[in-house]
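Raw run_20.cif, mmCIF, C-alpha atoms:
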```
data_start
#
loop_
_atom_site.group_PDB
_atom_site.id
_atom_site.type_symbol
_atom_site.label_atom_id
_atom_site.label_comp_id
_atom_site.auth_asym_id
_atom_site.auth_seq_id
_atom_site.Cartn_x
_atom_site.Cartn_y
_atom_site.Cartn_z
ATOM 1 C CA MET X 8 -21.560 -1.326 2.752
ATOM 2 C CA LEU X 9 -18.517 0.128 0.952
ATOM 3 C CA ARG X 10 -19.238 3.663 2.147
ATOM 4 C CA GLU X 11 -19.653 2.512 5.785
ATOM 5 C CA GLU X 12 -16.402 0.511 5.713
ATOM 6 C CA VAL X 13 -14.506 3.447 4.204
ATOM 7 C CA ALA X 14 -15.866 5.704 6.970
ATOM 8 C CA LYS X 15 -14.915 3.248 9.749
ATOM 9 C CA ALA X 16 -11.420 2.673 8.351
ATOM 10 C CA LEU X 17 -10.920 6.416 7.805
ATOM 11 C CA LYS X 18 -11.690 7.180 11.454
ATOM 12 C CA VAL X 19 -9.178 4.557 12.669
ATOM 13 C CA VAL X 20 -6.456 5.746 10.283
ATOM 14 C CA GLN X 21 -7.013 9.430 11.126
ATOM 15 C CA GLU X 22 -6.631 8.549 14.825
ATOM 16 C CA GLY X 23 -3.247 6.907 14.181
ATOM 17 C CA GLY X 24 -4.492 3.318 14.058
ATOM 18 C CA ILE X 25 -3.597 0.504 11.690
ATOM 19 C CA ILE X 26 -6.053 -1.399 9.532
ATOM 20 C CA LEU X 27 -6.239 -4.732 7.724
ATOM 21 C CA TYR X 28 -7.832 -4.207 4.329
ATOM 22 C CA PRO X 29 -8.387 -5.680 0.861
ATOM 23 C CA THR X 30 -6.434 -4.219 -2.063
ATOM 24 C CA ASP X 31 -6.110 -4.847 -5.787
ATOM 25 C CA THR X 32 -3.460 -7.424 -4.848
ATOM 26 C CA ILE X 33 -3.234 -9.295 -1.529
ATOM 27 C CA TRP X 34 -4.691 -8.168 1.823
ATOM 28 C CA GLY X 35 -2.662 -5.349 3.327
ATOM 29 C CA ILE X 36 -1.874 -3.750 6.644
ATOM 30 C CA GLY X 37 -2.030 0.012 6.381
ATOM 31 C CA CYS X 38 -2.014 3.389 8.036
ATOM 32 C CA ASP X 39 -1.575 7.071 7.239
ATOM 33 C CA ALA X 40 1.764 7.221 5.387
ATOM 34 C CA THR X 41 2.597 10.572 7.026
ATOM 35 C CA ASN X 42 2.178 9.275 10.608
ATOM 36 C CA THR X 43 5.501 7.852 11.839
ATOM 37 C CA GLU X 44 4.029 6.430 15.067
ATOM 38 C CA ALA X 45 1.425 4.477 13.081
ATOM 39 C CA VAL X 46 4.103 3.264 10.632
ATOM 40 C CA LYS X 47 6.172 2.020 13.579
ATOM 41 C CA LYS X 48 3.136 0.073 14.884
ATOM 42 C CA ILE X 49 3.082 -1.834 11.584
ATOM 43 C CA TYR X 50 6.811 -2.618 11.774
ATOM 44 C CA ALA X 51 6.304 -3.904 15.321
ATOM 45 C CA LEU X 52 3.267 -6.027 14.389
ATOM 46 C CA LYS X 53 5.048 -7.556 11.397
ATOM 47 C CA GLN X 54 8.272 -7.990 13.413
ATOM 48 C CA ARG X 55 9.961 -6.377 10.435
ATOM 49 C CA GLU X 56 13.290 -4.560 10.389
ATOM 50 C CA GLU X 57 12.748 -0.859 9.841
ATOM 51 C CA SER X 58 15.457 -0.928 7.167
ATOM 52 C CA LYS X 59 13.006 -2.916 4.974
ATOM 53 C CA SER X 60 10.731 -0.211 3.664
ATOM 54 C CA MET X 61 7.021 -0.560 2.902
ATOM 55 C CA ILE X 62 5.102 0.855 -0.051
ATOM 56 C CA ILE X 63 2.491 3.587 -0.228
ATOM 57 C CA LEU X 64 -0.736 3.606 -2.215
ATOM 58 C CA LEU X 65 -2.116 6.567 -4.127
ATOM 59 C CA ASP X 66 -5.542 6.834 -5.729
ATOM 60 C CA ASN X 67 -4.322 8.780 -8.749
ATOM 61 C CA ASP X 68 -1.056 9.270 -10.656
ATOM 62 C CA ASN X 69 -1.602 13.064 -10.531
ATOM 63 C CA LYS X 70 -0.428 12.866 -6.897
ATOM 64 C CA LEU X 71 2.976 11.275 -7.623
ATOM 65 C CA LEU X 72 4.806 14.612 -7.594
ATOM 66 C CA SER X 73 3.449 15.316 -4.116
ATOM 67 C CA TYR X 74 5.511 12.403 -2.762
ATOM 68 C CA VAL X 75 8.614 12.201 -4.983
ATOM 69 C CA ARG X 76 10.799 15.010 -6.346
ATOM 70 C CA GLU X 77 10.614 13.989 -9.993
ATOM 71 C CA VAL X 78 8.687 11.421 -11.971
ATOM 72 C CA PRO X 79 10.130 10.064 -15.220
ATOM 73 C CA ASP X 80 7.589 10.509 -18.036
ATOM 74 C CA ILE X 81 7.591 6.760 -18.693
ATOM 75 C CA ALA X 82 6.148 6.202 -15.200
ATOM 76 C CA TYR X 83 2.751 7.526 -16.269
ATOM 77 C CA ASP X 84 2.634 5.165 -19.263
ATOM 78 C CA LEU X 85 3.717 2.209 -17.137
ATOM 79 C CA ILE X 86 0.943 2.919 -14.622
ATOM 80 C CA GLU X 87 -1.684 3.441 -17.311
ATOM 81 C CA PHE X 88 -0.865 0.391 -19.407
ATOM 82 C CA ALA X 89 0.273 -2.147 -16.795
ATOM 83 C CA GLU X 90 -1.884 -5.258 -17.057
ATOM 84 C CA ASN X 91 -1.190 -6.255 -13.444
ATOM 85 C CA PRO X 92 -0.822 -4.096 -10.330
ATOM 86 C CA LEU X 93 2.541 -2.327 -10.537
ATOM 87 C CA THR X 94 4.610 -0.818 -7.746
ATOM 88 C CA LEU X 95 7.223 1.682 -8.904
ATOM 89 C CA ILE X 96 10.234 2.457 -6.736
ATOM 90 C CA LEU X 97 11.057 6.109 -7.325
ATOM 91 C CA SER X 98 13.873 8.264 -5.940
ATOM 92 C CA GLY X 99 13.506 11.500 -4.028
ATOM 93 C CA ALA X 100 10.733 10.549 -1.600
ATOM 94 C CA LYS X 101 9.138 13.490 0.262
ATOM 95 C CA ASN X 102 6.124 14.412 2.401
ATOM 96 C CA ILE X 103 5.789 10.941 3.978
ATOM 97 C CA SER X 104 7.019 9.425 7.228
ATOM 98 C CA PRO X 105 10.832 9.088 7.203
ATOM 99 C CA ALA X 106 10.245 5.494 8.396
ATOM 100 C CA LEU X 107 8.948 4.676 4.885
ATOM 101 C CA ILE X 108 11.873 6.132 2.959
ATOM 102 C CA SER X 109 14.626 3.694 1.950
ATOM 103 C CA ALA X 110 18.264 4.415 2.764
ATOM 104 C CA ASP X 111 18.750 5.541 -0.864
ATOM 105 C CA GLY X 112 15.896 8.078 -0.550
ATOM 106 C CA SER X 113 13.410 6.079 -2.610
ATOM 107 C CA VAL X 114 9.880 4.906 -1.937
ATOM 108 C CA GLY X 115 7.671 2.260 -3.528
ATOM 109 C CA ILE X 116 4.383 3.671 -4.837
ATOM 110 C CA ARG X 117 1.396 1.893 -6.371
ATOM 111 C CA VAL X 118 -1.497 3.746 -7.924
ATOM 112 C CA VAL X 119 -4.270 1.464 -6.751
ATOM 113 C CA LYS X 120 -7.259 0.391 -8.834
ATOM 114 C CA HIS X 121 -9.536 -0.851 -6.063
ATOM 115 C CA ASP X 122 -12.758 0.895 -4.983
ATOM 116 C CA PHE X 123 -12.221 0.638 -1.236
ATOM 117 C CA CYS X 124 -8.585 1.788 -1.403
ATOM 118 C CA GLN X 125 -9.307 4.645 -3.793
ATOM 119 C CA GLN X 126 -12.183 5.976 -1.695
ATOM 120 C CA LEU X 127 -10.228 5.694 1.553
ATOM 121 C CA ILE X 128 -7.199 7.502 0.094
ATOM 122 C CA GLN X 129 -9.434 10.213 -1.418
ATOM 123 C CA ARG X 130 -11.128 10.832 1.923
ATOM 124 C CA LEU X 131 -7.858 10.648 3.884
ATOM 125 C CA ARG X 132 -6.198 13.052 1.423
ATOM 126 C CA LYS X 133 -2.890 11.297 2.134
ATOM 127 C CA PRO X 134 -1.194 8.135 0.894
ATOM 128 C CA LEU X 135 -1.923 4.850 2.617
ATOM 129 C CA VAL X 136 0.796 2.431 3.695
ATOM 130 C CA SER X 137 0.426 -1.030 2.237
ATOM 131 C CA THR X 138 2.367 -4.073 3.333
ATOM 132 C CA SER X 139 1.447 -7.743 3.167
ATOM 133 C CA ALA X 140 -0.693 -9.056 6.033
ATOM 134 C CA ASN X 141 1.876 -11.445 7.484
ATOM 135 C CA ILE X 142 4.684 -11.630 10.026
ATOM 136 C CA SER X 143 8.028 -10.974 8.302
ATOM 137 C CA GLY X 144 9.532 -14.142 6.915
ATOM 138 C CA GLN X 145 6.194 -15.958 6.695
ATOM 139 C CA PRO X 146 4.370 -16.430 3.364
ATOM 140 C CA SER X 147 2.046 -13.644 2.214
ATOM 141 C CA PRO X 148 -1.614 -14.662 2.545
ATOM 142 C CA LYS X 149 -3.259 -15.179 -0.839
ATOM 143 C CA ASN X 150 -6.708 -14.453 0.600
ATOM 144 C CA PHE X 151 -8.322 -13.435 3.903
ATOM 145 C CA SER X 152 -8.619 -16.989 5.232
ATOM 146 C CA GLU X 153 -4.810 -17.325 5.271
ATOM 147 C CA ILE X 154 -4.204 -14.317 7.553
ATOM 148 C CA SER X 155 -2.828 -15.348 10.963
ATOM 149 C CA ALA X 156 -4.626 -14.688 14.248
ATOM 150 C CA GLU X 157 -1.603 -12.644 15.358
ATOM 151 C CA ILE X 158 -2.170 -10.167 12.519
ATOM 152 C CA LEU X 159 -5.976 -10.153 12.899
ATOM 153 C CA GLU X 160 -5.662 -9.377 16.619
ATOM 154 C CA GLY X 161 -2.802 -6.912 16.185
ATOM 155 C CA VAL X 162 -4.543 -4.356 13.979
ATOM 156 C CA ASP X 163 -6.987 -1.716 15.206
ATOM 157 C CA TYR X 164 -9.629 -2.486 12.565
ATOM 158 C CA VAL X 165 -10.356 -5.285 10.085
ATOM 159 C CA VAL X 166 -12.264 -4.030 7.044
ATOM 160 C CA ASP X 167 -15.433 -6.064 6.557
ATOM 161 C CA LEU X 168 -15.243 -6.448 2.770
ATOM 162 C CA GLU X 169 -14.101 -9.314 0.539
ATOM 163 C CA GLN X 170 -13.384 -11.598 3.503
ATOM 164 C CA HIS X 171 -15.202 -14.524 1.878
ATOM 165 C CA ASN X 172 -13.478 -14.103 -1.486
ATOM 166 C CA LEU X 173 -11.248 -17.169 -1.811
ATOM 167 C CA GLN X 174 -9.644 -16.049 -5.060
ATOM 168 C CA GLN X 175 -5.883 -16.520 -4.812
ATOM 169 C CA LYS X 176 -4.277 -13.098 -5.220
ATOM 170 C CA LYS X 177 -0.644 -12.230 -5.875
ATOM 171 C CA PRO X 178 1.544 -9.312 -4.773
ATOM 172 C CA SER X 179 2.232 -6.541 -7.287
ATOM 173 C CA THR X 180 5.063 -6.446 -9.782
ATOM 174 C CA ILE X 181 7.817 -4.200 -8.412
ATOM 175 C CA MET X 182 9.992 -2.130 -10.725
ATOM 176 C CA LYS X 183 12.751 0.303 -9.722
ATOM 177 C CA LEU X 184 12.601 3.246 -12.108
ATOM 178 C CA GLU X 185 15.507 5.702 -12.417
ATOM 179 C CA ALA X 186 15.058 9.379 -13.274
ATOM 180 C CA ASP X 187 16.522 8.767 -16.759
ATOM 181 C CA GLY X 188 13.954 6.020 -17.457
ATOM 182 C CA ARG X 189 16.265 3.048 -16.825
ATOM 183 C CA PHE X 190 14.553 0.320 -14.814
ATOM 184 C CA ASN X 191 14.988 -3.110 -13.336
ATOM 185 C CA PHE X 192 12.456 -5.558 -11.958
ATOM 186 C CA ILE X 193 12.631 -6.296 -8.223
ATOM 187 C CA ARG X 194 9.684 -8.717 -8.355
ATOM 188 C CA LYS X 195 7.874 -9.953 -11.475
#
```
Reformat the file's structure so that it appears as structure tokens.
Amino acid sequence: MLREEVAKALKVVQEGGIILYPTDTIWGIGCDATNTEAVKKIYALKQREESKSMIILLDNDNKLLSYVREVPDIAYDLIEFAENPLTLILSGAKNISPALISADGSVGIRVVKHDFCQQLIQRLRKPLVSTSANISGQPSPKNFSEISAEILEGVDYVVDLEQHNLQQKKPSTIMKLEADGRFNFIRK
């Protein structure tokens, strides 16, 4: 089942489509993080201002330097030892769609610990966009049953995994990390 869903989602994402998929946090809307047209489809679906950036998911912290100019050493420890999913906002974003890079040049990155996400990212060989599966301004769905029809109908593919899991999930912790190791929490 997992392998088939990864293959179906991969095909959609490689063709520039957007998917609705389970993550290690809440359900996400995603696409190839290097495809600006696909990224813009997500902004349109969410009715979100393009000035509000979205995060990218990686399957492994070894890939961080492929998408940001420098990674403070502490970042690797934070990722390894974080008890809950952690999104780090790092400066010097590169090699992703400009539509994902904040005005200050940063990008939010989460190294995901979720089988489906890891396998999809490995097969895609690129980061995956991840943003909550809701229209901007509306509450983030805590499980699949809370996702609106507008979102379900607006994506190109809905991953057929974990849809019956009613566990209430929360978004990741978000921490902005400076090159010198200084940090502040954006969302705890």
Pick out the residues sitting within 9 Å of segment 155-157 of chain X, and hand them over as a ChimeraX atom specification; count all atoms listed in the file, and ignore anything fewer than 4 positions along from it in its own chain.
/X:52,140-142,148,161-162
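Considering all atoms listed in the file, the residue among X:Thr138, X:Gln21, X:Asn172, X:Asn67 positioned nearest to Ala45 of chain X is X:Gln21.
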Can you tell me, as an MDAnalysis selection string, what residues are no more than 12 Å from Lys18 of chain X when counting only C-alpha atoms, ignoring any on the same chain fewer than 4 positions away?
chainID X and resid 11:14 22:26 38:39 127 130:131 163:164
As a VMD selection string, please: the residues near Gly35 of chain X (cut-off 7 Å, only C-alpha atoms, same-chain neighbours under 4 positions excluded).
chain X and resid 27 to 30 137 to 140
So that I can see what lies close to Ala110 of chain X, please list as a PyMOL selection string the residues with an atom at most 12 Å from it, counting all atoms listed in the file and leaving out residues fewer than 4 positions away in the same chain.
chain X and resi 57-60+98-100+105-106+114
For the structure provided, state which residues fall under the PyMOL selection byres ((chain X and resi 90-94) around 9), and present them as a PyMOL selection string.
chain X and resi 31-32+62-64+85-89+95-96+115-120+178-183
Which residues would end up in the selection if the PyMOL selection byres ((chain X and resi 70) around 12) were applied here, given that I need the answer as a PDB file with C-alpha atoms, in the coordinates of the input?
```
ATOM      1  CA  ILE X  63       2.491   3.587  -0.228  1.00  0.00           C
ATOM      2  CA  LEU X  64      -0.736   3.606  -2.215  1.00  0.00           C
ATOM      3  CA  LEU X  65      -2.116   6.567  -4.127  1.00  0.00           C
ATOM      4  CA  ASP X  66      -5.542   6.834  -5.729  1.00  0.00           C
ATOM      5  CA  ASN X  67      -4.322   8.780  -8.749  1.00  0.00           C
ATOM      6  CA  ASP X  68      -1.056   9.270 -10.656  1.00  0.00           C
ATOM      7  CA  ASN X  69      -1.602  13.064 -10.531  1.00  0.00           C
ATOM      8  CA  LEU X  71       2.976  11.275  -7.623  1.00  0.00           C
ATOM      9  CA  LEU X  72       4.806  14.612  -7.594  1.00  0.00           C
ATOM     10  CA  SER X  73       3.449  15.316  -4.116  1.00  0.00           C
ATOM     11  CA  TYR X  74       5.511  12.403  -2.762  1.00  0.00           C
ATOM     12  CA  VAL X  75       8.614  12.201  -4.983  1.00  0.00           C
ATOM     13  CA  ARG X  76      10.799  15.010  -6.346  1.00  0.00           C
ATOM     14  CA  GLU X  77      10.614  13.989  -9.993  1.00  0.00           C
ATOM     15  CA  VAL X  78       8.687  11.421 -11.971  1.00  0.00           C
ATOM     16  CA  TYR X  83       2.751   7.526 -16.269  1.00  0.00           C
ATOM     17  CA  LYS X 101       9.138  13.490   0.262  1.00  0.00           C
ATOM     18  CA  ASN X 102       6.124  14.412   2.401  1.00  0.00           C
ATOM     19  CA  ILE X 116       4.383   3.671  -4.837  1.00  0.00           C
ATOM     20  CA  ARG X 117       1.396   1.893  -6.371  1.00  0.00           C
ATOM     21  CA  VAL X 118      -1.497   3.746  -7.924  1.00  0.00           C
ATOM     22  CA  ILE X 128      -7.199   7.502   0.094  1.00  0.00           C
ATOM     23  CA  GLN X 129      -9.434  10.213  -1.418  1.00  0.00           C
ATOM     24  CA  ARG X 132      -6.198  13.052   1.423  1.00  0.00           C
ATOM     25  CA  LYS X 133      -2.890  11.297   2.134  1.00  0.00           C
ATOM     26  CA  PRO X 134      -1.194   8.135   0.894  1.00  0.00           C
TER      27      PRO X 134
END
```
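Here atom CA of Gln175 of chain X and atom CA of Pro146 of chain X stand 13.1 Å from one another.
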Å distance separating atom CA of Met61 of chain X from atom CA of His171 of chain X, one decimal place
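Straight-line distance from atom CA of Met61 of chain X to atom CA of His171 of chain X works out to 26.3 Å.
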Figure out the distance between atom CA of Gly37 of chain X and atom CA of Leu135 of chain X, please, to one decimal in Å.
6.1 Å
